[in-house]
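Data block below; observations after.
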Amino acid sequence: MTDGAVIQSAREPRVLVAADKFKGSLTAVEVAERVTAGLRRVLPGLAVESLPVADGGDGTVAAAVAAGFDRRTVRVTGPLGEPVTAAYALRDGTAVVELAEASGLHLLPGGVFAPLTATTHGCGEVLRAALDAGAHTVVLGVGGSATTDGGAGMLTALGARFLDADGTALPPGGGALAGLATADLSGLDPRIGDVRLVLASDVDNPLTGPKGAAAVYGPQKGAGPAEVAALDSALAHYAAVLGPELADAPGAGAAGGVGYAALVALGAGFRPGIDVMLDVLGFAAALDRATLVITGEGSLDAQTLHGKAPAGVAAAARARGVDTVAVCGRLALPPQELGRAGIRRAYPLLAVEPDPERCMARAGELLERVAGDIARDFLT
């Protein structure tokens with residue numbers, strides 16, 4: 001084979017589909033399937049590699065499983081204290097634990113919130129199961145929580161004790177932390193010390209204050225103004241007892257303070273969720289094989305630029321000199337901002353079907369249609 005033939009072969013189009021879920025419509029796996037189908041409808045036989053991605057929130061375990069991790073399930077305590085089945089992913093001693101699997105908003109009955117009493121106890125039980133399975137590295141993705149308990153429930157499941165002035169164990173939830181007198185971490189599972197724990201989050205909020213866990217995220221978990229104030233005060237007291245040094249660290253406010261608990265008590269290191277997941281999923285190797293990357297999520301907006309999956313994918317691809325385009329349901333970023341993020345062009349489904357309800361209901365077929373447009377615009 002001549003050198004020229006080798007070069008020509010290396011330049012044959014190969015697409016890497018690395019998109020997040022379209023929340024409420026399609027999982028990340030389904031997005032990849034639909035985009036692949038649309039591309040191949042225009043270019044039969046096109047080489048397409050799928051690598052569904054996530055940024056630490058809901059869908060993180062599914063992305064790991066799609067990349068070849070084993071899916072494990074365990075029965076644990078849900079956010080309201082009821083038993084739920086939670087999944088985590090495991091491969092070669094690395095576990096991917098998604099807090100939302102055990103303590104997520106989606107586990108609450110419709111319209112029922114418990115901002116003062118929801119617990120992360122189940123998340124700690126999943127961590128313990130990962131340790132039992134032999135994990136020596138644990139990625140803890142902390143998006144989508146129903147809780148603002150500072151991670152106290154998680155730590156309790158791992159052996160910590162939180163006591164009031166009478167020496168009685170506190171009840172579950174962030175509201176009870178106002179009565180904390182003693183935090184006894186001596187009973188924490190000793191295996192924690194031998195594990196590399198990575199806190200993966202798409203937010204870098206501190207634990208308390210106007211940008212803290214209660215103020216920013218409490219309302220979406222059902223907290224009114226009085227409850228937000230009570231939770232913020234309780235978390236501040238909690239940090240004063242455990243140690244305030246890391247309360248303002250990036251990520252401390254993630255998942256209602258789970259980030260703080262992981263940093264201060266479990267020795268975790270914080271990294272942006274998408275960066276962690278790209279490493280875990282083997283994105284770099286897949287990128288080496290690609291001539292075009294297609295990323296995306298349900299809404300491309302200002303939040304996308306602050307640690308969401310498409311921005312992380314595009315930044316990594318741009319660093320390697322590979323073009324990135326995006327698919328989305330809704331586009332709320334002007335072309336110049338997309339360009340600064342490393343995205344050459346975005347293809348919103350609402351441009352094809354302007355009615356939001358119909359757009360969500362038909363997201364799969366619309367994705368196939370815009371993927372065909374991408375094939376014609378960038379691959380022919």
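Naming works like this for the structure tokens: A, B, ... for the chains as they're shown, residue 1 at the start of each chain, ligands 1 onward in shown order.
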Please tabulate, as JSON lines, the residues of region 137-194 of chain A that come within 12 Å of region 238-258 of chain A, each with its closest pair of atoms and the distance in Å to one decimal, counting only C-alpha atoms and ordering rows by chain, then residue number upward.
{"residue": "A:Leu140", "atom": "CA", "partner": "A:Val258", "partner_atom": "CA", "distance": 9.9}
{"residue": "A:Gly141", "atom": "CA", "partner": "A:Ala255", "partner_atom": "CA", "distance": 9.3}
{"residue": "A:Val142", "atom": "CA", "partner": "A:Ala255", "partner_atom": "CA", "distance": 5.6}
{"residue": "A:Gly143", "atom": "CA", "partner": "A:Ala255", "partner_atom": "CA", "distance": 5.9}
{"residue": "A:Gly144", "atom": "CA", "partner": "A:Ala255", "partner_atom": "CA", "distance": 7.0}
{"residue": "A:Ser145", "atom": "CA", "partner": "A:Ala255", "partner_atom": "CA", "distance": 5.4}
{"residue": "A:Ala146", "atom": "CA", "partner": "A:Ala255", "partner_atom": "CA", "distance": 7.9}
{"residue": "A:Thr147", "atom": "CA", "partner": "A:Gly256", "partner_atom": "CA", "distance": 5.6}
{"residue": "A:Thr148", "atom": "CA", "partner": "A:Gly256", "partner_atom": "CA", "distance": 3.8}
{"residue": "A:Asp149", "atom": "CA", "partner": "A:Gly256", "partner_atom": "CA", "distance": 6.1}
{"residue": "A:Gly150", "atom": "CA", "partner": "A:Gly257", "partner_atom": "CA", "distance": 3.8}
{"residue": "A:Gly151", "atom": "CA", "partner": "A:Val258", "partner_atom": "CA", "distance": 4.0}
{"residue": "A:Ala152", "atom": "CA", "partner": "A:Val258", "partner_atom": "CA", "distance": 7.7}
{"residue": "A:Gly153", "atom": "CA", "partner": "A:Val258", "partner_atom": "CA", "distance": 9.1}
{"residue": "A:Met154", "atom": "CA", "partner": "A:Val258", "partner_atom": "CA", "distance": 7.8}
{"residue": "A:Leu155", "atom": "CA", "partner": "A:Val258", "partner_atom": "CA", "distance": 9.2}
{"residue": "A:Ala160", "atom": "CA", "partner": "A:Leu242", "partner_atom": "CA", "distance": 11.5}
{"residue": "A:Arg161", "atom": "CA", "partner": "A:Leu242", "partner_atom": "CA", "distance": 11.7}
{"residue": "A:Phe162", "atom": "CA", "partner": "A:Tyr238", "partner_atom": "CA", "distance": 9.8}
{"residue": "A:Leu163", "atom": "CA", "partner": "A:Val241", "partner_atom": "CA", "distance": 11.1}
{"residue": "A:Asp164", "atom": "CA", "partner": "A:Tyr238", "partner_atom": "CA", "distance": 11.6}
{"residue": "A:Leu170", "atom": "CA", "partner": "A:Tyr238", "partner_atom": "CA", "distance": 11.9}
{"residue": "A:Gly173", "atom": "CA", "partner": "A:Gly256", "partner_atom": "CA", "distance": 10.4}
{"residue": "A:Gly174", "atom": "CA", "partner": "A:Gly256", "partner_atom": "CA", "distance": 8.6}
{"residue": "A:Gly175", "atom": "CA", "partner": "A:Tyr238", "partner_atom": "CA", "distance": 10.5}
{"residue": "A:Ala176", "atom": "CA", "partner": "A:Tyr238", "partner_atom": "CA", "distance": 9.8}
{"residue": "A:Leu177", "atom": "CA", "partner": "A:Tyr238", "partner_atom": "CA", "distance": 6.0}
{"residue": "A:Ala178", "atom": "CA", "partner": "A:Tyr238", "partner_atom": "CA", "distance": 7.1}
{"residue": "A:Gly179", "atom": "CA", "partner": "A:Tyr238", "partner_atom": "CA", "distance": 8.9}
{"residue": "A:Leu180", "atom": "CA", "partner": "A:Tyr238", "partner_atom": "CA", "distance": 6.7}
{"residue": "A:Ala181", "atom": "CA", "partner": "A:Val241", "partner_atom": "CA", "distance": 7.4}
{"residue": "A:Thr182", "atom": "CA", "partner": "A:Val241", "partner_atom": "CA", "distance": 7.1}
{"residue": "A:Ala183", "atom": "CA", "partner": "A:Leu242", "partner_atom": "CA", "distance": 6.5}
{"residue": "A:Asp184", "atom": "CA", "partner": "A:Leu242", "partner_atom": "CA", "distance": 9.1}
{"residue": "A:Leu185", "atom": "CA", "partner": "A:Leu242", "partner_atom": "CA", "distance": 9.2}
Residue contacts of region 320-327 of chain A (10 Å, only C-alpha atoms) excluding same-chain residues fewer than 6 positions away, as a ChimeraX atom specification: /A:15-20,22,31,35,284,287-288,290-300,310-311,313-314,338-339,341-349,367,370-371,374,378
For Gly134 (chain A): contacts at 9 Å, only C-alpha atoms, fewer than 6 positions along chain excluded, given as a ChimeraX atom specification: /A:93-95
Those same residues, written as a PDB file, in the first residue's frame with C-alpha atoms?
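Contents of out05.pdb, freshly written:
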ATOM      1  CA  GLY A  93     -12.123  -1.712  39.836  1.00  0.00           C
ATOM      2  CA  THR A  94     -13.683   1.616  38.854  1.00  0.00           C
ATOM      3  CA  ALA A  95     -17.234   2.264  40.031  1.00  0.00           C
TER       4      ALA A  95
END
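Using only C-alpha atoms, the smallest distance between any of A:Ala62, A:Ala100, A:Ala351, A:Val53 and Thr119 (chain A) comes from A:Ala100.
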Surrounding residues of Leu333 (chain A) excluding itself and chain neighbours under 2 positions, 7 Å, only C-alpha atoms, as a list in words: Leu300, Asp301, Ala302, Leu331, Pro335, Glu337 and Leu338 of chain A
Write out, as a CSV table (one decimal), in the first residue's frame, the residues just selected, with N, CA and C atoms.
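Result file part36.csv:
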chain,number,residue,atom,x,y,z
A,300,LEU,N,-29.6,23.8,24.5
A,300,LEU,CA,-28.3,24.5,24.4
A,300,LEU,C,-28.5,25.9,24.8
A,301,ASP,N,-28.0,26.3,26.0
A,301,ASP,CA,-28.3,27.6,26.6
A,301,ASP,C,-27.1,28.0,27.4
A,302,ALA,N,-27.3,29.1,28.2
A,302,ALA,CA,-26.1,29.6,28.9
A,302,ALA,C,-25.6,28.6,29.9
A,331,LEU,N,-32.5,25.9,21.1
A,331,LEU,CA,-31.2,26.6,20.9
A,331,LEU,C,-31.4,28.0,21.5
A,335,PRO,N,-24.7,32.3,17.4
A,335,PRO,CA,-23.6,31.7,16.7
A,335,PRO,C,-22.2,32.0,17.3
A,337,GLU,N,-21.4,32.7,20.4
A,337,GLU,CA,-21.1,31.9,21.6
A,337,GLU,C,-20.9,30.5,21.3
A,338,LEU,N,-21.7,29.9,20.4
A,338,LEU,CA,-21.4,28.5,20.0
A,338,LEU,C,-20.0,28.4,19.5
A:Leu266, A:Ala214, A:Leu235, A:Ala309 ranked by distance to Asp189 (chain A), top pick (using only C-alpha atoms): A:Leu266
All helix (DSSP H, G or I) residues (DSSP, backbone) inside region 69-149 of chain A, as a PyMOL selection string: chain A and resi 99-103+105-107+121-132
Selected residue of minimal separation from Phe113 (chain A) among A:Met360, A:Ala133, A:Ala223, A:Leu51, counting only C-alpha atoms: A:Ala223
Wanna dump the region 77-138 of chain A-region 63-70 of chain A contacts at 7 Å for me, each residue with its shortest atom pair and the distance in Å to one decimal, counting only C-alpha atoms, ordered by chain and number, as a Markdown table?
| residue | atom | partner | partner_atom | distance |
| --- | --- | --- | --- | --- |
| A:Ala89 | CA | A:Asp70 | CA | 5.4 |
| A:Leu90 | CA | A:Asp70 | CA | 5.2 |
| A:Arg91 | CA | A:Phe69 | CA | 5.0 |
